[in-house]
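Peer 1: Okay, so here is protein08.pdb, and as you'll see once you scroll down, it has PDB, C-alpha atoms.
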```pdb
MODEL        1
ATOM      1  CA  MET A   1      87.660  93.701 167.514
ATOM      2  CA  THR A   2      86.269  96.007 164.820
ATOM      3  CA  GLY A   3      86.229  94.493 161.355
ATOM      4  CA  ALA A   4      87.888  95.813 158.223
ATOM      5  CA  THR A   5      86.444  98.939 156.700
ATOM      6  CA  GLY A   6      86.429 100.547 153.288
ATOM      7  CA  LEU A   7      84.785 103.171 151.106
ATOM      8  CA  TYR A   8      82.315 101.978 148.466
ATOM      9  CA  ARG A   9      81.129 103.881 145.400
ATOM     10  CA  LEU A  10      77.764 102.589 144.235
ATOM     11  CA  VAL A  11      75.954 103.502 141.029
ATOM     12  CA  GLY A  12      72.228 103.076 140.475
ATOM     13  CA  CYS A  13      71.534 102.280 144.120
ATOM     14  CA  ARG A  14      68.923 103.784 146.427
ATOM     15  CA  ILE A  15      68.899 104.880 150.057
ATOM     16  CA  LEU A  16      65.759 104.398 152.128
ATOM     17  CA  GLY A  17      64.435 105.502 155.505
ATOM     18  CA  ARG A  18      65.910 107.315 158.479
ATOM     19  CA  GLU A  19      68.467 104.554 159.089
ATOM     20  CA  GLY A  20      69.754 104.916 155.503
ATOM     21  CA  THR A  21      69.321 101.345 154.237
ATOM     22  CA  VAL A  22      71.255 100.929 150.985
ATOM     23  CA  ILE A  23      69.474  99.034 148.195
ATOM     24  CA  SER A  24      71.418  97.885 145.147
ATOM     25  CA  SER A  25      70.505  98.527 141.509
ATOM     26  CA  ASP A  26      69.103  94.981 141.289
ATOM     27  CA  ASN A  27      66.805  95.642 144.274
ATOM     28  CA  ARG A  28      68.761  93.829 146.971
ATOM     29  CA  VAL A  29      69.621  94.981 150.474
ATOM     30  CA  ILE A  30      73.416  95.118 150.738
ATOM     31  CA  GLU A  31      74.248  93.162 153.882
ATOM     32  CA  ALA A  32      77.734  94.593 154.421
ATOM     33  CA  LEU A  33      76.340  98.138 154.383
ATOM     34  CA  THR A  34      73.155  97.515 156.365
ATOM     35  CA  TYR A  35      73.534  98.012 160.082
ATOM     36  CA  THR A  36      71.561  96.506 162.938
ATOM     37  CA  ASP A  37      72.252  96.116 166.643
ATOM     38  CA  SER A  38      73.440  92.603 165.849
ATOM     39  CA  PRO A  39      74.295  90.916 162.538
ATOM     40  CA  ASP A  40      71.950  88.103 163.557
ATOM     41  CA  GLU A  41      69.054  90.548 163.409
ATOM     42  CA  LEU A  42      69.457  91.438 159.738
ATOM     43  CA  ARG A  43      66.570  89.194 158.683
ATOM     44  CA  SER A  44      64.297  91.093 161.078
ATOM     45  CA  HIS A  45      65.412  94.495 159.774
ATOM     46  CA  PRO A  46      62.452  96.938 159.562
ATOM     47  CA  ILE A  47      62.896  97.278 155.808
ATOM     48  CA  PHE A  48      61.593  93.727 155.331
ATOM     49  CA  ARG A  49      58.383  94.583 157.184
ATOM     50  CA  ARG A  50      57.480  97.564 155.007
ATOM     51  CA  ARG A  51      54.578  96.920 152.658
ATOM     52  CA  ARG A  52      55.443  99.676 150.226
ATOM     53  CA  PHE A  53      58.142 102.243 149.628
ATOM     54  CA  PRO A  54      57.640 105.876 148.626
ATOM     55  CA  ARG A  55      58.572 106.645 145.020
ATOM     56  CA  ALA A  56      62.338 107.171 144.768
ATOM     57  CA  GLN A  57      63.473 110.741 144.166
ATOM     58  CA  CYS A  58      66.338 110.936 141.679
ATOM     59  CA  LEU A  59      69.287 113.143 142.633
ATOM     60  CA  SER A  60      71.956 114.234 140.181
ATOM     61  CA  GLY A  61      75.518 114.152 141.411
ATOM     62  CA  THR A  62      77.521 112.254 144.007
ATOM     63  CA  TYR A  63      76.288 111.868 147.575
ATOM     64  CA  ALA A  64      77.578 110.149 150.708
ATOM     65  CA  THR A  65      75.840 108.723 153.753
ATOM     66  CA  LEU A  66      76.572 108.852 157.477
ATOM     67  CA  ALA A  67      73.176 107.448 158.419
ATOM     68  CA  TYR A  68      73.054 104.671 160.992
ATOM     69  CA  PRO A  69      70.123 103.133 162.920
ATOM     70  CA  SER A  70      71.182 104.689 166.258
ATOM     71  CA  ALA A  71      72.805 107.826 164.827
ATOM     72  CA  PHE A  72      70.318 110.124 166.581
ATOM     73  CA  ALA A  73      71.873 109.157 169.949
ATOM     74  CA  TRP A  74      74.988 111.138 170.854
ATOM     75  CA  PHE A  75      77.221 108.226 171.882
ATOM     76  CA  HIS A  76      76.458 106.281 168.706
ATOM     77  CA  TRP A  77      76.851 109.380 166.572
ATOM     78  CA  VAL A  78      80.351 110.078 167.896
ATOM     79  CA  VAL A  79      81.690 106.512 167.780
ATOM     80  CA  GLU A  80      79.791 105.057 164.816
ATOM     81  CA  CYS A  81      79.234 107.984 162.449
ATOM     82  CA  LEU A  82      81.838 110.733 162.844
ATOM     83  CA  PRO A  83      84.838 108.374 162.377
ATOM     84  CA  ARG A  84      83.448 107.430 158.961
ATOM     85  CA  LEU A  85      84.279 110.966 157.829
ATOM     86  CA  GLN A  86      87.910 109.865 157.828
ATOM     87  CA  LEU A  87      87.147 107.746 154.753
ATOM     88  CA  LEU A  88      85.291 110.607 153.078
ATOM     89  CA  GLN A  89      87.924 113.308 153.640
ATOM     90  CA  PRO A  90      89.437 113.351 150.113
ATOM     91  CA  PHE A  91      85.988 113.762 148.532
ATOM     92  CA  LEU A  92      84.089 115.809 151.102
ATOM     93  CA  HIS A  93      84.447 119.200 149.417
ATOM     94  CA  ALA A  94      83.084 117.898 146.109
ATOM     95  CA  LEU A  95      80.040 116.018 147.388
ATOM     96  CA  ASP A  96      76.608 117.228 146.329
ATOM     97  CA  GLY A  97      75.101 116.030 149.581
ATOM     98  CA  VAL A  98      75.576 114.001 152.768
ATOM     99  CA  PHE A  99      72.676 111.929 154.119
ATOM    100  CA  ILE A 100      72.057 112.133 157.873
ATOM    101  CA  PRO A 101      69.038 111.268 160.052
ATOM    102  CA  ALA A 102      66.325 113.931 160.241
ATOM    103  CA  ASN A 103      65.314 115.741 163.438
ATOM    104  CA  VAL A 104      68.589 115.310 165.297
ATOM    105  CA  GLU A 105      69.931 117.423 168.161
ATOM    106  CA  PRO A 106      71.632 120.696 167.131
ATOM    107  CA  GLN A 107      75.001 119.517 168.457
ATOM    108  CA  LEU A 108      75.041 116.737 165.843
ATOM    109  CA  ILE A 109      74.794 119.343 163.108
ATOM    110  CA  GLU A 110      77.396 121.481 164.878
ATOM    111  CA  SER A 111      79.792 118.523 164.985
ATOM    112  CA  LEU A 112      79.484 117.990 161.226
ATOM    113  CA  VAL A 113      80.097 121.646 160.432
ATOM    114  CA  ALA A 114      83.092 121.691 162.794
ATOM    115  CA  MET A 115      84.502 118.704 160.911
ATOM    116  CA  GLY A 116      84.216 120.332 157.511
ATOM    117  CA  VAL A 117      80.762 119.417 156.196
ATOM    118  CA  ARG A 118      78.918 122.431 154.782
ATOM    119  CA  PRO A 119      75.350 122.991 156.063
ATOM    120  CA  ASP A 120      74.091 123.141 152.458
ATOM    121  CA  GLN A 121      75.390 119.583 151.901
ATOM    122  CA  LEU A 122      73.171 118.012 154.566
ATOM    123  CA  VAL A 123      70.237 115.911 153.334
ATOM    124  CA  PRO A 124      68.024 114.699 156.225
ATOM    125  CA  LEU A 125      66.477 111.237 156.063
ATOM    126  CA  ASP A 126      63.141 110.420 157.691
ATOM    127  CA  ALA A 127      60.970 107.312 157.569
ATOM    128  CA  GLN A 128      59.548 108.291 154.166
ATOM    129  CA  SER A 129      62.834 109.263 152.526
ATOM    130  CA  HIS A 130      63.760 107.355 149.389
ATOM    131  CA  PHE A 131      66.518 108.747 147.167
ATOM    132  CA  GLN A 132      68.360 107.511 144.103
ATOM    133  CA  PRO A 133      71.540 109.545 143.525
ATOM    134  CA  ASP A 134      73.712 109.148 140.450
ATOM    135  CA  ALA A 135      76.455 107.823 142.721
ATOM    136  CA  LEU A 136      76.586 107.089 146.438
ATOM    137  CA  LEU A 137      79.706 106.878 148.606
ATOM    138  CA  VAL A 138      79.196 104.557 151.568
ATOM    139  CA  PRO A 139      81.932 104.455 154.219
ATOM    140  CA  ARG A 140      81.640 101.088 155.889
ATOM    141  CA  TYR A 141      81.380 100.881 159.701
ATOM    142  CA  CYS A 142      84.854 101.571 161.089
ATOM    143  CA  ALA A 143      84.523 102.177 164.836
ATOM    144  CA  GLY A 144      82.064 101.079 167.516
ATOM    145  CA  LEU A 145      82.463  99.668 171.013
ATOM    146  CA  ASN A 146      86.058  98.614 170.292
ATOM    147  CA  ILE A 147      87.199 102.004 169.083
ATOM    148  CA  PRO A 148      90.287 102.049 166.823
ATOM    149  CA  LEU A 149      93.229 103.939 168.295
ATOM    150  CA  TRP A 150      93.301 106.456 165.429
ATOM    151  CA  VAL A 151      89.853 107.869 166.259
ATOM    152  CA  PRO A 152      90.745 110.399 169.034
ATOM    153  CA  ALA A 153      93.561 111.983 167.013
ATOM    154  CA  PHE A 154      91.365 112.162 163.912
ATOM    155  CA  LEU A 155      88.454 113.813 165.726
ATOM    156  CA  GLN A 156      90.699 116.273 167.539
ATOM    157  CA  GLU A 157      92.625 117.239 164.411
ATOM    158  CA  ARG A 158      89.454 117.799 162.376
ATOM    159  CA  ILE A 159      87.992 120.252 164.887
ATOM    160  CA  GLY A 160      91.264 122.056 165.572
ATOM    161  CA  LEU A 161      92.191 120.667 168.993
ATOM    162  CA  ASN A 162      95.898 120.622 168.201
ATOM    163  CA  ASP A 163      97.288 123.161 170.697
ATOM    164  CA  ARG A 164      99.630 121.313 173.064
ATOM    165  CA  SER A 165     101.164 124.465 174.590
ATOM    166  CA  ALA A 166      99.445 123.940 177.957
ATOM    167  CA  ALA A 167      99.079 120.690 179.861
ATOM    168  CA  PRO A 168      95.550 119.506 180.784
ATOM    169  CA  PHE A 169      94.617 121.042 184.102
ATOM    170  CA  ARG A 170      90.843 121.048 184.592
ATOM    171  CA  LYS A 171      88.955 118.721 186.907
ATOM    172  CA  LEU A 172      85.411 118.175 185.633
ATOM    173  CA  TYR A 173      82.397 116.649 187.309
ATOM    174  CA  ILE A 174      79.639 116.080 184.748
ATOM    175  CA  SER A 175      76.253 116.483 186.420
ATOM    176  CA  ARG A 176      73.116 114.780 185.102
ATOM    177  CA  ALA A 177      70.813 116.775 187.374
ATOM    178  CA  ASP A 178      68.981 117.997 184.263
ATOM    179  CA  ALA A 179      68.674 114.531 182.682
ATOM    180  CA  SER A 180      65.696 112.182 182.670
ATOM    181  CA  LYS A 181      67.830 109.125 183.499
ATOM    182  CA  ARG A 182      70.679 108.276 185.852
ATOM    183  CA  GLN A 183      70.643 111.334 188.064
ATOM    184  CA  VAL A 184      72.822 111.076 191.179
ATOM    185  CA  LEU A 185      70.044 111.776 193.677
ATOM    186  CA  ASN A 186      72.355 112.762 196.527
ATOM    187  CA  GLU A 187      74.613 114.888 194.363
ATOM    188  CA  GLU A 188      74.397 117.729 196.902
ATOM    189  CA  GLN A 189      76.337 115.481 199.320
ATOM    190  CA  LEU A 190      79.093 114.876 196.765
ATOM    191  CA  ILE A 191      79.528 118.434 195.533
ATOM    192  CA  PRO A 192      81.351 119.723 198.670
ATOM    193  CA  ILE A 193      83.809 116.816 198.332
ATOM    194  CA  LEU A 194      84.277 117.620 194.645
ATOM    195  CA  ARG A 195      84.743 121.358 195.172
ATOM    196  CA  GLU A 196      87.283 120.768 197.930
ATOM    197  CA  ALA A 197      89.243 118.625 195.460
ATOM    198  CA  GLY A 198      89.142 121.388 192.822
ATOM    199  CA  PHE A 199      86.435 119.999 190.530
ATOM    200  CA  GLU A 200      84.168 122.165 188.384
ATOM    201  CA  ILE A 201      80.486 121.166 188.196
ATOM    202  CA  ILE A 202      79.460 121.027 184.518
ATOM    203  CA  ARG A 203      76.098 120.465 182.840
ATOM    204  CA  LEU A 204      76.793 119.536 179.242
ATOM    205  CA  ARG A 205      73.411 120.726 177.961
ATOM    206  CA  GLU A 206      74.593 124.265 178.674
ATOM    207  CA  HIS A 207      77.500 123.896 176.219
ATOM    208  CA  GLY A 208      77.627 123.401 172.470
ATOM    209  CA  PHE A 209      79.662 120.767 170.685
ATOM    210  CA  LEU A 210      82.909 122.700 170.398
ATOM    211  CA  GLU A 211      82.628 123.989 173.959
ATOM    212  CA  GLN A 212      82.228 120.426 175.243
ATOM    213  CA  ALA A 213      85.155 119.198 173.155
ATOM    214  CA  ASN A 214      87.379 121.980 174.496
ATOM    215  CA  LEU A 215      86.353 121.296 178.095
ATOM    216  CA  PHE A 216      87.359 117.661 177.794
ATOM    217  CA  HIS A 217      90.518 118.535 175.865
ATOM    218  CA  GLN A 218      91.637 120.620 178.838
ATOM    219  CA  ALA A 219      90.631 118.003 181.410
ATOM    220  CA  ALA A 220      93.103 116.126 183.557
ATOM    221  CA  TRP A 221      90.234 114.481 185.492
ATOM    222  CA  VAL A 222      86.652 113.615 184.568
ATOM    223  CA  ILE A 223      84.076 112.201 186.992
ATOM    224  CA  ALA A 224      80.623 111.488 185.586
ATOM    225  CA  PRO A 225      77.550 109.291 185.927
ATOM    226  CA  HIS A 226      77.084 106.721 183.183
ATOM    227  CA  GLY A 227      75.778 108.553 180.117
ATOM    228  CA  ALA A 228      76.530 109.625 176.564
ATOM    229  CA  GLY A 229      78.399 112.735 177.715
ATOM    230  CA  LEU A 230      81.351 110.551 178.699
ATOM    231  CA  VAL A 231      82.043 109.847 175.031
ATOM    232  CA  ASN A 232      83.598 113.323 174.980
ATOM    233  CA  VAL A 233      86.617 111.726 176.652
ATOM    234  CA  LEU A 234      87.671 111.011 173.053
ATOM    235  CA  TYR A 235      88.568 114.723 172.887
ATOM    236  CA  SER A 236      90.816 114.419 175.956
ATOM    237  CA  ARG A 237      94.566 114.078 175.784
ATOM    238  CA  PRO A 238      96.553 110.995 176.810
ATOM    239  CA  GLY A 239      96.823 110.717 180.572
ATOM    240  CA  VAL A 240      93.254 111.785 181.336
ATOM    241  CA  GLN A 241      91.852 110.151 184.493
ATOM    242  CA  VAL A 242      88.190 109.040 184.413
ATOM    243  CA  ILE A 243      85.899 107.853 187.212
ATOM    244  CA  GLU A 244      82.515 106.596 186.022
ATOM    245  CA  LEU A 245      79.582 106.397 188.451
ATOM    246  CA  THR A 246      76.945 103.770 187.651
ATOM    247  CA  PRO A 247      73.548 102.895 189.158
ATOM    248  CA  SER A 248      74.601  99.340 189.975
ATOM    249  CA  GLU A 249      77.401  96.802 189.840
ATOM    250  CA  SER A 250      75.344  95.037 187.159
ATOM    251  CA  ILE A 251      76.296  97.751 184.662
ATOM    252  CA  GLY A 252      79.704  96.699 183.432
ATOM    253  CA  PRO A 253      82.481  99.211 182.797
ATOM    254  CA  HIS A 254      83.346  97.947 179.311
ATOM    255  CA  LEU A 255      81.754 100.819 177.374
ATOM    256  CA  PHE A 256      83.592 103.824 178.759
ATOM    257  CA  HIS A 257      86.619 101.783 179.700
ATOM    258  CA  SER A 258      87.005 101.298 175.940
ATOM    259  CA  VAL A 259      86.560 105.029 175.295
ATOM    260  CA  THR A 260      89.045 106.014 178.001
ATOM    261  CA  THR A 261      91.766 103.549 177.073
ATOM    262  CA  CYS A 262      91.404 104.490 173.400
ATOM    263  CA  ALA A 263      92.096 108.101 174.413
ATOM    264  CA  GLY A 264      95.171 106.996 176.346
ATOM    265  CA  GLY A 265      93.609 107.529 179.772
ATOM    266  CA  THR A 266      93.114 105.617 183.010
ATOM    267  CA  TYR A 267      89.648 104.417 184.007
ATOM    268  CA  TRP A 268      87.985 103.697 187.353
ATOM    269  CA  TRP A 269      84.423 102.630 188.134
ATOM    270  CA  LEU A 270      82.298 103.259 191.228
ATOM    271  CA  PRO A 271      78.799 101.695 191.420
ATOM    272  CA  GLY A 272      75.979 103.217 193.441
ATOM    273  CA  ARG A 273      72.554 102.062 194.604
ATOM    274  CA  PRO A 274      69.602 102.319 192.176
ATOM    275  CA  GLU A 275      66.538 104.240 193.373
ATOM    276  CA  GLY A 276      63.541 103.742 191.132
ATOM    277  CA  PRO A 277      60.594 101.533 190.172
ATOM    278  CA  SER A 278      61.601  97.886 189.885
ATOM    279  CA  SER A 279      59.881  97.829 186.488
ATOM    280  CA  SER A 280      62.417 100.318 185.133
ATOM    281  CA  PRO A 281      65.668  98.879 183.695
ATOM    282  CA  VAL A 282      68.451  99.446 186.196
ATOM    283  CA  VAL A 283      70.621 101.083 183.528
ATOM    284  CA  HIS A 284      68.076 103.928 183.334
ATOM    285  CA  GLN A 285      67.441 104.426 187.037
ATOM    286  CA  HIS A 286      68.488 107.338 189.203
ATOM    287  CA  PHE A 287      70.893 106.286 191.937
ATOM    288  CA  VAL A 288      72.654 107.185 195.154
ATOM    289  CA  VAL A 289      76.419 107.211 195.698
ATOM    290  CA  ASP A 290      77.721 106.652 199.211
ATOM    291  CA  PRO A 291      79.639 109.862 200.135
ATOM    292  CA  ARG A 292      82.181 107.965 202.238
ATOM    293  CA  ARG A 293      82.962 105.518 199.425
ATOM    294  CA  PHE A 294      83.085 108.436 196.996
ATOM    295  CA  ALA A 295      85.640 110.307 199.098
ATOM    296  CA  GLU A 296      87.678 107.116 199.483
ATOM    297  CA  ALA A 297      87.615 106.628 195.716
ATOM    298  CA  LEU A 298      88.964 110.144 195.163
ATOM    299  CA  ASP A 299      91.759 109.449 197.652
ATOM    300  CA  HIS A 300      92.550 106.042 196.167
ATOM    301  CA  THR A 301      92.795 107.382 192.588
ATOM    302  CA  GLY A 302      94.645 110.556 193.507
ATOM    303  CA  ALA A 303      91.826 112.843 192.395
ATOM    304  CA  ARG A 304      92.247 114.949 195.542
ATOM    305  CA  ASP A 305      95.978 115.435 195.118
TER     306      ASP A 305
ENDMDL
END
```
Starting from the file, lay out its structure as structure tokens.
Peer 2:
Amino acid sequence: MTGATGLYRLVGCRILGREGTVISSDNRVIEALTYTDSPDELRSHPIFRRRRFPRAQCLSGTYATLAYPSAFAWFHWVVECLPRLQLLQPFLHALDGVFIPANVEPQLIESLVAMGVRPDQLVPLDAQSHFQPDALLVPRYCAGLNIPLWVPAFLQERIGLNDRSAAPFRKLYISRADASKRQVLNEEQLIPILREAGFEIIRLREHGFLEQANLFHQAAWVIAPHGAGLVNVLYSRPGVQVIELTPSESIGPHLFHSVTTCAGGTYWWLPGRPEGPSSSPVVHQHFVVDPRRFAEALDHTGARD
């Protein structure tokens, strides 16, 4: 269960590093606003291993932060950063700047602009960033692996996905043939089955943020290997049907089951067989999906109806 959230206005504080660690006016790290993979790891946070900080650069005006240790990764950006804009909405137009991680993928910037953040407001944070604004708005963590039910509607409304005149109709298969991890190695054996069932073969890298959101908003079915692209199910409408393919039964379905059920959809899971060096974590390995089991799964779920 995700804990309570809130919006904090801090005066005289500083923000440090790419992860946006917030330091109070009396030189303390604010635990409630400092994020790690686990609360137990706070004492081992990288900030406590730094020997010196760059000189703080003073900024006049009011700023906000969306920085987060894993914000550069698309899944974490969508579920752990974008929902925090809900808390900033009343003040967004008046902010002098919004801190985000530096050197992120273009679609992260595109998502912010689509949600109402002006490009001239963006202030990138890298390892040597150290800023002291007059005031800093910090929206506390409000989503995560147990995604609140309000998140899909908020994201869709902010980017204009509010046309309900046509029912979802598209069947999407998300290929990872151009990815470095979790390719379905025998995808050519699955594609004829998919095409016969009316599925489109999509590579998300060929589409920008809004294009991806619209694809998923129109989708009645989504089949995809385990990967960040499945977080786009949050842009789907209630009733969406999702089949996730994973490299192994050892990769539990909790992650995208949470995403799918939050969006009001139905989730299925089909594991494959990993094909890669034993030294590589199974979650990163390419894999093979048995075509017979795949076809049976489509029949069982109704994806071929």
Peer 1: Quick one: of A:Ala297, A:Ala71, A:Val184, A:Val138, who's nearest to Ser248 (chain A), counting all atoms listed in the file?
Peer 2: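 Of all the options, A:Val184 lies closest to Ser248 (chain A).
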Peer 1: Applying 12 Å and all atoms listed in the file, which residues near Gln156 (chain A) remain after dropping the ones on its own chain fewer than 3 positions away? List them as an MDAnalysis selection string.
Peer 2: chainID A and resid 82:83 86 111 114:115 150:153 159:164 210 213:214 216:217 232:237 263
Peer 1: I need the residues from that last selection saved to file as a compact mmCIF listing (two decimals), in the coordinates of the input (with C-alpha atoms), if you can.
Peer 2:
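As written to disk, again-v8.txt reads:
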```txt
# COMPACT_ATOMS: atom_id res chain seq x y z
CA LEU A 82 81.84 110.73 162.84
CA PRO A 83 84.84 108.37 162.38
CA GLN A 86 87.91 109.86 157.83
CA SER A 111 79.79 118.52 164.98
CA ALA A 114 83.09 121.69 162.79
CA MET A 115 84.50 118.70 160.91
CA TRP A 150 93.30 106.46 165.43
CA VAL A 151 89.85 107.87 166.26
CA PRO A 152 90.74 110.40 169.03
CA ALA A 153 93.56 111.98 167.01
CA ILE A 159 87.99 120.25 164.89
CA GLY A 160 91.26 122.06 165.57
CA LEU A 161 92.19 120.67 168.99
CA ASN A 162 95.90 120.62 168.20
CA ASP A 163 97.29 123.16 170.70
CA ARG A 164 99.63 121.31 173.06
CA LEU A 210 82.91 122.70 170.40
CA ALA A 213 85.16 119.20 173.16
CA ASN A 214 87.38 121.98 174.50
CA PHE A 216 87.36 117.66 177.79
CA HIS A 217 90.52 118.54 175.86
CA ASN A 232 83.60 113.32 174.98
CA VAL A 233 86.62 111.73 176.65
CA LEU A 234 87.67 111.01 173.05
CA TYR A 235 88.57 114.72 172.89
CA SER A 236 90.82 114.42 175.96
CA ARG A 237 94.57 114.08 175.78
CA ALA A 263 92.10 108.10 174.41
```
Peer 1: So which residues touch region 9-19 of chain A within 10 Å, counting all atoms listed in the file, skipping near sequence neighbours fewer than 3 positions away, as a VMD selection string?
Peer 2: chain A and resid 22 to 30 34 to 36 46 to 47 53 to 54 56 to 58 62 to 72 99 to 103 124 to 139
Peer 1: Could you write those residues out with C-alpha atoms, as an mmCIF file, keeping the file's coordinate frame?
Peer 2:
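New file again.cif:
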```
data_model
loop_
_atom_site.group_PDB
_atom_site.id
_atom_site.type_symbol
_atom_site.label_atom_id
_atom_site.label_comp_id
_atom_site.auth_asym_id
_atom_site.auth_seq_id
_atom_site.Cartn_x
_atom_site.Cartn_y
_atom_site.Cartn_z
ATOM 1 C CA VAL A 22 71.255 100.929 150.985
ATOM 2 C CA ILE A 23 69.474 99.034 148.195
ATOM 3 C CA SER A 24 71.418 97.885 145.147
ATOM 4 C CA SER A 25 70.505 98.527 141.509
ATOM 5 C CA ASP A 26 69.103 94.981 141.289
ATOM 6 C CA ASN A 27 66.805 95.642 144.274
ATOM 7 C CA ARG A 28 68.761 93.829 146.971
ATOM 8 C CA VAL A 29 69.621 94.981 150.474
ATOM 9 C CA ILE A 30 73.416 95.118 150.738
ATOM 10 C CA THR A 34 73.155 97.515 156.365
ATOM 11 C CA TYR A 35 73.534 98.012 160.082
ATOM 12 C CA THR A 36 71.561 96.506 162.938
ATOM 13 C CA PRO A 46 62.452 96.938 159.562
ATOM 14 C CA ILE A 47 62.896 97.278 155.808
ATOM 15 C CA PHE A 53 58.142 102.243 149.628
ATOM 16 C CA PRO A 54 57.640 105.876 148.626
ATOM 17 C CA ALA A 56 62.338 107.171 144.768
ATOM 18 C CA GLN A 57 63.473 110.741 144.166
ATOM 19 C CA CYS A 58 66.338 110.936 141.679
ATOM 20 C CA THR A 62 77.521 112.254 144.007
ATOM 21 C CA TYR A 63 76.288 111.868 147.575
ATOM 22 C CA ALA A 64 77.578 110.149 150.708
ATOM 23 C CA THR A 65 75.840 108.723 153.753
ATOM 24 C CA LEU A 66 76.572 108.852 157.477
ATOM 25 C CA ALA A 67 73.176 107.448 158.419
ATOM 26 C CA TYR A 68 73.054 104.671 160.992
ATOM 27 C CA PRO A 69 70.123 103.133 162.920
ATOM 28 C CA SER A 70 71.182 104.689 166.258
ATOM 29 C CA ALA A 71 72.805 107.826 164.827
ATOM 30 C CA PHE A 72 70.318 110.124 166.581
ATOM 31 C CA PHE A 99 72.676 111.929 154.119
ATOM 32 C CA ILE A 100 72.057 112.133 157.873
ATOM 33 C CA PRO A 101 69.038 111.268 160.052
ATOM 34 C CA ALA A 102 66.325 113.931 160.241
ATOM 35 C CA ASN A 103 65.314 115.741 163.438
ATOM 36 C CA PRO A 124 68.024 114.699 156.225
ATOM 37 C CA LEU A 125 66.477 111.237 156.063
ATOM 38 C CA ASP A 126 63.141 110.420 157.691
ATOM 39 C CA ALA A 127 60.970 107.312 157.569
ATOM 40 C CA GLN A 128 59.548 108.291 154.166
ATOM 41 C CA SER A 129 62.834 109.263 152.526
ATOM 42 C CA HIS A 130 63.760 107.355 149.389
ATOM 43 C CA PHE A 131 66.518 108.747 147.167
ATOM 44 C CA GLN A 132 68.360 107.511 144.103
ATOM 45 C CA PRO A 133 71.540 109.545 143.525
ATOM 46 C CA ASP A 134 73.712 109.148 140.450
ATOM 47 C CA ALA A 135 76.455 107.823 142.721
ATOM 48 C CA LEU A 136 76.586 107.089 146.438
ATOM 49 C CA LEU A 137 79.706 106.878 148.606
ATOM 50 C CA VAL A 138 79.196 104.557 151.568
ATOM 51 C CA PRO A 139 81.932 104.455 154.219
#
```
Peer 1: So how many Å separate CA of Glu275 (chain A) and CA of Leu245 (chain A), to one decimal?
Peer 2: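 Separation between CA of Glu275 (chain A) and CA of Leu245 (chain A): 14.1 Å.
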Peer 1: So what do you get for CA of Cys142 (chain A) versus CA of Thr5 (chain A), distance-wise?
Peer 2: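 One can read the CA of Cys142 (chain A) to CA of Thr5 (chain A) distance as 5.4 Å.
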Peer 1: Can you tell me how far CA of Arg273 (chain A) sits from CA of Pro247 (chain A), in Å to one decimal?
Peer 2: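 Spanning CA of Arg273 (chain A) to CA of Pro247 (chain A) is a straight-line distance of 5.6 Å.
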Peer 1: With distances taken over all atoms listed in the file, which residue among A:Arg205, A:His226, A:Ile193, A:Lys181 lies nearest Gly276 (chain A)?
Peer 2: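 Smallest separation from Gly276 (chain A) among the options: A:Lys181.
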Peer 1: Hey, what comes out of the PyMOL selection byres ((chain A and resi 169) around 7) on this file? Could you write it as a ChimeraX atom specification?
Peer 2: /A:167-168,170-171,218-220
Peer 1: Grab all the atoms of region 51-61 of chain A that the file lists, wrap them in a box along x, y and z, add 4 Å per side, and give me centre plus edge lengths in Å (one decimal) as AutoDock Vina command-line options.
Peer 2:
```
--center_x 65.0 --center_y 105.6 --center_z 146.4 --size_x 28.9 --size_y 25.3 --size_z 20.5
```
Peer 1: Name the residues, using the chain letters and numbers of the file, that sit within 12 Å of (91.1, 108.4, 184.4) when counting all atoms listed in the file, and give them as an MDAnalysis selection string.
Peer 2: chainID A and resid 171:172 216 219:224 230 233 236:244 256:269 297:298 301:303
Peer 1: Given the file shown, enumerate the residues that the PyMOL selection byres ((chain A and resi 185) around 8) captures and present them as a PyMOL selection string.
Peer 2: chain A and resi 183-184+186-187+286-288
Peer 1: Quick one: residues within 7 Å of Gln121 (chain A), all atoms listed in the file counted, chain neighbours fewer than 5 positions away excluded, as an MDAnalysis selection string?
Peer 2: chainID A and resid 96:98
Peer 1: Can you sort out region 137-141 of chain A so it carries N, CA, C and O atoms, written as a PDB file, in the frame of the given file?
Peer 2:
```pdb
ATOM      1  N   LEU A 137      78.536 107.337 147.870  1.00  0.00           N
ATOM      2  CA  LEU A 137      79.706 106.878 148.606  1.00  0.00           C
ATOM      3  C   LEU A 137      79.251 106.390 149.978  1.00  0.00           C
ATOM      4  O   LEU A 137      78.605 107.130 150.722  1.00  0.00           O
ATOM      5  N   VAL A 138      79.592 105.149 150.289  1.00  0.00           N
ATOM      6  CA  VAL A 138      79.196 104.557 151.568  1.00  0.00           C
ATOM      7  C   VAL A 138      80.446 104.149 152.333  1.00  0.00           C
ATOM      8  O   VAL A 138      81.106 103.163 151.968  1.00  0.00           O
ATOM      9  N   PRO A 139      80.815 104.896 153.374  1.00  0.00           N
ATOM     10  CA  PRO A 139      81.932 104.455 154.219  1.00  0.00           C
ATOM     11  C   PRO A 139      81.456 103.370 155.165  1.00  0.00           C
ATOM     12  O   PRO A 139      80.519 103.568 155.937  1.00  0.00           O
ATOM     13  N   ARG A 140      82.062 102.215 155.061  1.00  0.00           N
ATOM     14  CA  ARG A 140      81.640 101.088 155.889  1.00  0.00           C
ATOM     15  C   ARG A 140      81.993 101.345 157.359  1.00  0.00           C
ATOM     16  O   ARG A 140      82.967 102.021 157.664  1.00  0.00           O
ATOM     17  N   TYR A 141      81.188 100.798 158.244  1.00  0.00           N
ATOM     18  CA  TYR A 141      81.380 100.881 159.701  1.00  0.00           C
ATOM     19  C   TYR A 141      82.859 100.713 160.052  1.00  0.00           C
ATOM     20  O   TYR A 141      83.513  99.773 159.627  1.00  0.00           O
TER      21      TYR A 141
END
```
